[in-house]
Amino acid sequence: MFWKTSPSINFDPDQDIGDLKGKVIIVTGGNDGLGKETVLRLAKHNPECIFLCSRSVEKGETAVKEIETAVPGANIRLLKLDLGSLASVSAAVSTFREQYDKLDILINNAGIANLPPGKTVEGYEQQFGVNHIGHALLIKLLLPTMLKTAEIETPGSVRIVSVSSEAHEHIKPPGINFDDLEKAGHPWLLYAQSKLANLLYAKALAKQYPSIVSVSLHPGTAKTGIFVKMDTAWINMLMFLLGWTIMGTIEQTAKNQLWAATAIEVQSGAYYTPVGVKNAGTALSNDEELENKLWGWTQGELKKQNY
C-alpha cells in the first residue's frame, strides 16, 4: 500500500521550472518536509514572493532563514496559519491581503495523518478539519484574489495544487460520512477519508472556476514529519523492520507538486501520481454525486461558521 510505483516523466526542478518573475505563491505547511522543500525549490526561480505558512512561528522563522541563506535574495515571508482553527485561516488571509492583491499559485501541502482521536477548534474530526475544511476556507477566502489574477495572467498559470494521497484508495462506500466524520473509526481510515475529500474538492474547483487550474496529487511517500508521527503500531514496526530505504527522499517526493505547480502540460481537474502521471483514481474519486455533495456540504459548513 505504501510502495506502489508508476512510470514518471523526467523532471528536474532546478532545470525544468521556468522563470517565476512576478509570481506570488503561498505554500501551506512550509516550515518542514515537502512544504519546505517546495518553497526552497520555487525560490530558486525568481518569484516575486513566497509566503511560507506555518502553525509555529518559531519553526516558520527558522525555515525562512534557512531558505533565504540557501537562496540569497529570495523574498520569503512567514504567514502564521493553523488550519485547525478557521479564525486563524481568516486572519492569515487578511495578513496576506494587506501585502498583496494578486496570487498566482496556492499549494495546499499541509496535513496531519493517522493521529489519535481529536477535534479542531470548531469541533470537526481533526484530520478532516485540518486536511480538508481548513484548506477549503483558505481557498474560499483567496479565490477573489486568484480570479482577479487569472484575468491578467497567462491562461493556465494561476493554480491551486492540493496534496491528496493514494490512501484515498482504501476508503469504501459511502466514501465520506458527512453525518459522522468519525464513523470510519480507525485513524488511518479517517486520514484516507480526508484525502478523498482533497481529491474530490480539487475536481469540483476545476469545474466551478475554469479560469484557475485546480489539480490534486499523491506526492509519494517520504520520511517526513507527517509519517513519523503516525500512531499506528504496526506501521511503526514495519518501518522499523524494513527501514526507510523503501521511501523516496524529500527532494524526490516534492517533485510531483513542483511539477503540478509549474509544468505547462498540467490538466485542470486531474489527479497525478509521481511524477506527472495522470491517474484514474477510484470509483469513489470519480463519483460526481459524491463530489457535488462534498462541495455543497463544505460551503454549508463554512457558512455555518460565518464564512
# chains A, B, ... in the order shown; residues from 1 in each chain; ligands from 1
>>> residues_around(residues="Ala263 of chain A", least_positions_apart="2", cutoff="10 Å", atoms="only C-alpha atoms", output="number ranges by chain")
A: 11, 16-18, 156-157, 257-261, 265-267, 276
>>> residues_around(residues="segment 190-199 of chain A", least_positions_apart="4", cutoff="7 Å", atoms="only C-alpha atoms", output="list in words")
Ala113, Asn114, Gln127, Phe128, Asn131, His132, Ser162, Ser164, Ser165, Ala167, His168, His170, Ile171, Gly175, Ile176, Glu182, Ala184, Gly185, His186, Lys203, Ser216 and Ser285 of chain A
>>> select_by_dssp(residues="segment 86-200 of chain A", states="strand (DSSP E)", output="mmCIF file with N, CA and C atoms, in the first residue's frame")
data_model
loop_
_atom_site.group_PDB
_atom_site.id
_atom_site.type_symbol
_atom_site.label_atom_id
_atom_site.label_comp_id
_atom_site.auth_asym_id
_atom_site.auth_seq_id
_atom_site.Cartn_x
_atom_site.Cartn_y
_atom_site.Cartn_z
ATOM 1 N N ILE A 105 -0.117 31.143 -7.356
ATOM 2 C CA ILE A 105 -0.065 29.716 -7.049
ATOM 3 C C ILE A 105 -0.341 29.487 -5.563
ATOM 4 N N LEU A 106 -1.303 28.619 -5.279
ATOM 5 C CA LEU A 106 -1.584 28.184 -3.912
ATOM 6 C C LEU A 106 -1.326 26.692 -3.845
ATOM 7 N N ILE A 107 -0.380 26.284 -2.999
ATOM 8 C CA ILE A 107 -0.063 24.871 -2.832
ATOM 9 C C ILE A 107 -0.523 24.421 -1.449
ATOM 10 N N ASN A 108 -1.583 23.621 -1.436
ATOM 11 C CA ASN A 108 -2.162 23.118 -0.185
ATOM 12 C C ASN A 108 -1.420 21.848 0.215
ATOM 13 N N ARG A 159 -2.895 28.719 -10.319
ATOM 14 C CA ARG A 159 -3.144 27.331 -9.958
ATOM 15 C C ARG A 159 -3.395 27.110 -8.468
ATOM 16 N N ILE A 160 -4.232 26.106 -8.215
ATOM 17 C CA ILE A 160 -4.419 25.576 -6.867
ATOM 18 C C ILE A 160 -3.995 24.116 -6.905
ATOM 19 N N VAL A 161 -2.964 23.781 -6.147
ATOM 20 C CA VAL A 161 -2.425 22.420 -6.106
ATOM 21 C C VAL A 161 -2.739 21.834 -4.738
ATOM 22 N N SER A 162 -3.507 20.761 -4.720
ATOM 23 C CA SER A 162 -3.929 20.140 -3.458
ATOM 24 C C SER A 162 -3.263 18.778 -3.291
ATOM 25 N N VAL A 163 -2.536 18.619 -2.198
ATOM 26 C CA VAL A 163 -1.841 17.364 -1.941
ATOM 27 C C VAL A 163 -2.818 16.368 -1.314
#
>>> residues_around(residues="Glu125 of chain A", least_positions_apart="6", cutoff="9 Å", atoms="only C-alpha atoms", output="list in words")
Pro117, Gly118, Lys119, Asp180, Leu181, Glu182 and Leu190 of chain A
>>> closest_residue(among="A:Gln208, A:Asn31, A:Gln252, A:Thr145", to="Ser54 of chain A", atoms="only C-alpha atoms")
A:Asn31
>>> closest_residue(among="A:Leu217, A:Ala74, A:Val121, A:Ile264", to="Pro47 of chain A", atoms="only C-alpha atoms")
A:Ala74
>>> residues_around(residues="segment 24-29 of chain A", least_positions_apart="2", cutoff="8 Å", atoms="only C-alpha atoms", output="list in words")
Gly22, Asn31, Asp32, Gly35, Lys36, Thr38, Val39, Pro47, Glu48, Cys49, Ile50, Phe51, Leu52, Cys53, Ser54, Arg55, Leu81, Lys102, Leu103, Asp104, Ile105, Leu106, Ile107, Asn108, Asn109, Ala110 and Gly111 of chain A
>>> closest_atom_pairs(of="segment 84-163 of chain A", to="segment 298-304 of chain A", cutoff="12 Å", atoms="only C-alpha atoms", output="tab-separated table")
residue	atom	partner	partner_atom	distance
A:Leu86	CA	A:Leu302	CA	9.0
A:Ala87	CA	A:Leu302	CA	11.5
A:Val89	CA	A:Leu302	CA	11.9
A:Ser90	CA	A:Leu302	CA	11.5
A:Glu122	CA	A:Glu301	CA	10.4
A:Gly123	CA	A:Glu301	CA	11.6
A:Tyr124	CA	A:Glu301	CA	10.3
A:Phe128	CA	A:Thr298	CA	11.2
A:Gly129	CA	A:Thr298	CA	10.7
A:His132	CA	A:Thr298	CA	9.0
A:Ile133	CA	A:Thr298	CA	7.2
A:Gly134	CA	A:Leu302	CA	9.6
A:His135	CA	A:Thr298	CA	10.8
A:Ala136	CA	A:Thr298	CA	7.6
A:Leu137	CA	A:Leu302	CA	7.0
A:Leu138	CA	A:Leu302	CA	10.7
A:Ile139	CA	A:Gln299	CA	11.4
A:Lys140	CA	A:Gln299	CA	9.0
A:Leu141	CA	A:Leu302	CA	10.7
>>> write_last_selection(atoms="all heavy atoms", output="short mmCIF file (atom, residue, chain, number, x, y, z; two decimals), in the first residue's frame")
data_model
loop_
_atom_site.label_atom_id
_atom_site.label_comp_id
_atom_site.auth_asym_id
_atom_site.auth_seq_id
_atom_site.Cartn_x
_atom_site.Cartn_y
_atom_site.Cartn_z
N LEU A 86 -10.45 27.95 12.08
CA LEU A 86 -10.92 28.76 10.96
C LEU A 86 -10.64 30.25 11.19
O LEU A 86 -10.41 30.99 10.24
CB LEU A 86 -12.41 28.52 10.72
CG LEU A 86 -12.78 27.07 10.33
CD1 LEU A 86 -14.26 26.98 9.99
CD2 LEU A 86 -11.93 26.57 9.17
N ALA A 87 -10.62 30.66 12.45
CA ALA A 87 -10.27 32.06 12.75
C ALA A 87 -8.83 32.34 12.35
O ALA A 87 -8.51 33.42 11.84
CB ALA A 87 -10.48 32.35 14.23
N VAL A 89 -7.21 30.78 9.95
CA VAL A 89 -7.20 30.83 8.49
C VAL A 89 -7.62 32.20 8.00
O VAL A 89 -6.98 32.81 7.13
CB VAL A 89 -8.12 29.74 7.90
CG1 VAL A 89 -8.20 29.87 6.38
CG2 VAL A 89 -7.63 28.35 8.28
N SER A 90 -8.70 32.72 8.57
CA SER A 90 -9.20 34.04 8.18
C SER A 90 -8.17 35.13 8.47
O SER A 90 -7.96 36.03 7.65
CB SER A 90 -10.51 34.33 8.92
OG SER A 90 -11.01 35.60 8.57
N GLU A 122 -13.23 24.22 15.90
CA GLU A 122 -14.67 24.28 15.61
C GLU A 122 -15.39 22.96 15.84
O GLU A 122 -16.60 22.87 15.61
CB GLU A 122 -14.90 24.75 14.17
CG GLU A 122 -14.62 26.23 13.94
CD GLU A 122 -13.14 26.56 13.88
OE1 GLU A 122 -12.33 25.65 13.57
OE2 GLU A 122 -12.78 27.71 14.16
N GLY A 123 -14.67 21.92 16.26
CA GLY A 123 -15.31 20.66 16.62
C GLY A 123 -15.36 19.61 15.53
O GLY A 123 -16.05 18.59 15.69
N TYR A 124 -14.63 19.80 14.44
CA TYR A 124 -14.59 18.79 13.39
C TYR A 124 -13.54 17.72 13.72
O TYR A 124 -12.54 18.01 14.37
CB TYR A 124 -14.23 19.44 12.05
CG TYR A 124 -15.27 20.42 11.56
CD1 TYR A 124 -15.05 21.80 11.66
CD2 TYR A 124 -16.46 19.99 10.99
CE1 TYR A 124 -15.99 22.72 11.22
CE2 TYR A 124 -17.42 20.90 10.56
CZ TYR A 124 -17.17 22.26 10.67
OH TYR A 124 -18.12 23.16 10.24
N PHE A 128 -9.98 15.50 9.11
CA PHE A 128 -10.85 16.08 8.10
C PHE A 128 -10.87 17.61 8.23
O PHE A 128 -10.86 18.33 7.24
CB PHE A 128 -12.27 15.53 8.23
CG PHE A 128 -13.10 15.66 6.99
CD1 PHE A 128 -13.03 14.68 6.01
CD2 PHE A 128 -13.93 16.74 6.79
CE1 PHE A 128 -13.79 14.78 4.84
CE2 PHE A 128 -14.70 16.85 5.64
CZ PHE A 128 -14.63 15.87 4.65
N GLY A 129 -10.86 18.07 9.47
CA GLY A 129 -10.90 19.51 9.72
C GLY A 129 -9.67 20.23 9.21
O GLY A 129 -9.76 21.29 8.58
N HIS A 132 -9.00 19.02 5.08
CA HIS A 132 -10.00 19.49 4.11
C HIS A 132 -10.63 20.84 4.46
O HIS A 132 -10.51 21.80 3.70
CB HIS A 132 -11.10 18.46 3.90
CG HIS A 132 -12.23 18.99 3.08
ND1 HIS A 132 -12.06 19.38 1.76
CD2 HIS A 132 -13.54 19.26 3.38
CE1 HIS A 132 -13.21 19.85 1.29
NE2 HIS A 132 -14.12 19.79 2.25
N ILE A 133 -11.29 20.92 5.62
CA ILE A 133 -12.09 22.11 5.90
C ILE A 133 -11.22 23.36 6.04
O ILE A 133 -11.56 24.43 5.51
CB ILE A 133 -12.95 21.89 7.16
CG1 ILE A 133 -13.95 20.76 6.91
CG2 ILE A 133 -13.70 23.18 7.53
CD1 ILE A 133 -14.76 20.34 8.11
N GLY A 134 -10.10 23.26 6.73
CA GLY A 134 -9.21 24.40 6.86
C GLY A 134 -8.72 24.89 5.51
O GLY A 134 -8.72 26.09 5.22
N HIS A 135 -8.32 23.96 4.65
CA HIS A 135 -7.88 24.33 3.31
C HIS A 135 -9.03 24.87 2.47
O HIS A 135 -8.85 25.79 1.66
CB HIS A 135 -7.24 23.14 2.61
CG HIS A 135 -5.80 22.96 2.95
ND1 HIS A 135 -5.29 21.79 3.50
CD2 HIS A 135 -4.73 23.79 2.83
CE1 HIS A 135 -3.99 21.92 3.68
NE2 HIS A 135 -3.62 23.12 3.29
N ALA A 136 -10.23 24.31 2.66
CA ALA A 136 -11.38 24.78 1.89
C ALA A 136 -11.68 26.25 2.21
O ALA A 136 -12.00 27.04 1.31
CB ALA A 136 -12.61 23.91 2.19
N LEU A 137 -11.57 26.63 3.48
CA LEU A 137 -11.78 28.03 3.82
C LEU A 137 -10.66 28.90 3.25
O LEU A 137 -10.92 29.99 2.74
CB LEU A 137 -11.86 28.21 5.34
CG LEU A 137 -12.04 29.67 5.79
CD1 LEU A 137 -13.33 30.27 5.22
CD2 LEU A 137 -12.02 29.79 7.31
N LEU A 138 -9.44 28.42 3.35
CA LEU A 138 -8.32 29.17 2.78
C LEU A 138 -8.56 29.44 1.29
O LEU A 138 -8.39 30.57 0.81
CB LEU A 138 -7.03 28.37 2.97
CG LEU A 138 -5.73 29.03 2.48
CD1 LEU A 138 -5.40 30.27 3.31
CD2 LEU A 138 -4.58 28.03 2.52
N ILE A 139 -8.97 28.41 0.58
CA ILE A 139 -9.26 28.56 -0.85
C ILE A 139 -10.38 29.56 -1.06
O ILE A 139 -10.28 30.47 -1.91
CB ILE A 139 -9.64 27.20 -1.46
CG1 ILE A 139 -8.43 26.27 -1.47
CG2 ILE A 139 -10.20 27.36 -2.87
CD1 ILE A 139 -8.78 24.81 -1.76
N LYS A 140 -11.46 29.42 -0.31
CA LYS A 140 -12.62 30.29 -0.48
C LYS A 140 -12.25 31.76 -0.29
O LYS A 140 -12.67 32.63 -1.07
CB LYS A 140 -13.73 29.90 0.50
CG LYS A 140 -14.99 30.76 0.37
CD LYS A 140 -16.11 30.25 1.26
CE LYS A 140 -17.38 31.09 1.05
NZ LYS A 140 -18.51 30.57 1.84
N LEU A 141 -11.47 32.04 0.72
CA LEU A 141 -11.12 33.43 1.02
C LEU A 141 -10.10 34.00 0.04
O LEU A 141 -10.03 35.21 -0.16
CB LEU A 141 -10.60 33.53 2.45
CG LEU A 141 -11.59 33.16 3.55
CD1 LEU A 141 -10.95 33.32 4.93
CD2 LEU A 141 -12.86 34.01 3.47
#
>>> decode(residues="segment 15-39 of chain A", atoms="N, CA and C atoms", output="PDB file, in the first residue's frame")
ATOM      1  N   GLN A  15      16.202  22.596 -13.338  1.00  0.00           N
ATOM      2  CA  GLN A  15      16.339  22.835 -14.768  1.00  0.00           C
ATOM      3  C   GLN A  15      15.015  23.099 -15.472  1.00  0.00           C
ATOM      4  N   ASP A  16      13.939  22.470 -14.997  1.00  0.00           N
ATOM      5  CA  ASP A  16      12.688  22.463 -15.758  1.00  0.00           C
ATOM      6  C   ASP A  16      11.648  23.481 -15.305  1.00  0.00           C
ATOM      7  N   ILE A  17      11.824  24.076 -14.148  1.00  0.00           N
ATOM      8  CA  ILE A  17      10.926  25.161 -13.748  1.00  0.00           C
ATOM      9  C   ILE A  17      11.423  26.444 -14.401  1.00  0.00           C
ATOM     10  N   GLY A  18      10.537  27.139 -15.078  1.00  0.00           N
ATOM     11  CA  GLY A  18      10.922  28.361 -15.771  1.00  0.00           C
ATOM     12  C   GLY A  18      11.029  29.554 -14.835  1.00  0.00           C
ATOM     13  N   ASP A  19      11.219  30.706 -15.422  1.00  0.00           N
ATOM     14  CA  ASP A  19      11.333  31.944 -14.660  1.00  0.00           C
ATOM     15  C   ASP A  19       9.993  32.276 -14.007  1.00  0.00           C
ATOM     16  N   LEU A  20       9.991  32.462 -12.710  1.00  0.00           N
ATOM     17  CA  LEU A  20       8.764  32.770 -11.968  1.00  0.00           C
ATOM     18  C   LEU A  20       8.669  34.255 -11.614  1.00  0.00           C
ATOM     19  N   LYS A  21       9.350  35.075 -12.365  1.00  0.00           N
ATOM     20  CA  LYS A  21       9.352  36.511 -12.101  1.00  0.00           C
ATOM     21  C   LYS A  21       7.929  37.049 -12.010  1.00  0.00           C
ATOM     22  N   GLY A  22       7.661  37.796 -10.936  1.00  0.00           N
ATOM     23  CA  GLY A  22       6.352  38.395 -10.738  1.00  0.00           C
ATOM     24  C   GLY A  22       5.339  37.505 -10.065  1.00  0.00           C
ATOM     25  N   LYS A  23       5.674  36.234  -9.867  1.00  0.00           N
ATOM     26  CA  LYS A  23       4.714  35.297  -9.284  1.00  0.00           C
ATOM     27  C   LYS A  23       4.662  35.422  -7.763  1.00  0.00           C
ATOM     28  N   VAL A  24       3.437  35.386  -7.234  1.00  0.00           N
ATOM     29  CA  VAL A  24       3.204  35.369  -5.795  1.00  0.00           C
ATOM     30  C   VAL A  24       2.641  33.992  -5.449  1.00  0.00           C
ATOM     31  N   ILE A  25       3.239  33.364  -4.458  1.00  0.00           N
ATOM     32  CA  ILE A  25       2.957  31.964  -4.153  1.00  0.00           C
ATOM     33  C   ILE A  25       2.692  31.787  -2.661  1.00  0.00           C
ATOM     34  N   ILE A  26       1.756  30.906  -2.323  1.00  0.00           N
ATOM     35  CA  ILE A  26       1.517  30.510  -0.936  1.00  0.00           C
ATOM     36  C   ILE A  26       1.687  29.001  -0.836  1.00  0.00           C
ATOM     37  N   VAL A  27       2.443  28.548   0.176  1.00  0.00           N
ATOM     38  CA  VAL A  27       2.625  27.123   0.425  1.00  0.00           C
ATOM     39  C   VAL A  27       2.255  26.846   1.881  1.00  0.00           C
ATOM     40  N   THR A  28       1.242  26.020   2.104  1.00  0.00           N
ATOM     41  CA  THR A  28       0.886  25.670   3.477  1.00  0.00           C
ATOM     42  C   THR A  28       1.806  24.555   3.969  1.00  0.00           C
ATOM     43  N   GLY A  29       2.046  24.534   5.285  1.00  0.00           N
ATOM     44  CA  GLY A  29       2.951  23.550   5.850  1.00  0.00           C
ATOM     45  C   GLY A  29       4.365  23.719   5.323  1.00  0.00           C
ATOM     46  N   GLY A  30       4.795  24.973   5.197  1.00  0.00           N
ATOM     47  CA  GLY A  30       6.076  25.254   4.561  1.00  0.00           C
ATOM     48  C   GLY A  30       7.282  25.217   5.476  1.00  0.00           C
ATOM     49  N   ASN A  31       7.075  24.950   6.747  1.00  0.00           N
ATOM     50  CA  ASN A  31       8.198  25.005   7.687  1.00  0.00           C
ATOM     51  C   ASN A  31       9.016  23.722   7.756  1.00  0.00           C
ATOM     52  N   ASP A  32       8.523  22.641   7.115  1.00  0.00           N
ATOM     53  CA  ASP A  32       9.199  21.353   7.262  1.00  0.00           C
ATOM     54  C   ASP A  32       8.879  20.464   6.064  1.00  0.00           C
ATOM     55  N   GLY A  33       9.645  19.414   5.892  1.00  0.00           N
ATOM     56  CA  GLY A  33       9.338  18.360   4.940  1.00  0.00           C
ATOM     57  C   GLY A  33       9.124  18.815   3.516  1.00  0.00           C
ATOM     58  N   LEU A  34       8.064  18.284   2.898  1.00  0.00           N
ATOM     59  CA  LEU A  34       7.785  18.573   1.498  1.00  0.00           C
ATOM     60  C   LEU A  34       7.472  20.047   1.274  1.00  0.00           C
ATOM     61  N   GLY A  35       6.800  20.670   2.228  1.00  0.00           N
ATOM     62  CA  GLY A  35       6.473  22.083   2.084  1.00  0.00           C
ATOM     63  C   GLY A  35       7.705  22.959   2.037  1.00  0.00           C
ATOM     64  N   LYS A  36       8.612  22.709   2.941  1.00  0.00           N
ATOM     65  CA  LYS A  36       9.859  23.482   2.983  1.00  0.00           C
ATOM     66  C   LYS A  36      10.674  23.264   1.718  1.00  0.00           C
ATOM     67  N   GLU A  37      10.764  22.019   1.277  1.00  0.00           N
ATOM     68  CA  GLU A  37      11.489  21.713   0.043  1.00  0.00           C
ATOM     69  C   GLU A  37      10.834  22.398  -1.156  1.00  0.00           C
ATOM     70  N   THR A  38       9.514  22.453  -1.158  1.00  0.00           N
ATOM     71  CA  THR A  38       8.791  23.111  -2.245  1.00  0.00           C
ATOM     72  C   THR A  38       9.105  24.600  -2.284  1.00  0.00           C
ATOM     73  N   VAL A  39       9.081  25.239  -1.124  1.00  0.00           N
ATOM     74  CA  VAL A  39       9.419  26.670  -1.062  1.00  0.00           C
ATOM     75  C   VAL A  39      10.851  26.892  -1.535  1.00  0.00           C
TER      76      VAL A  39
END
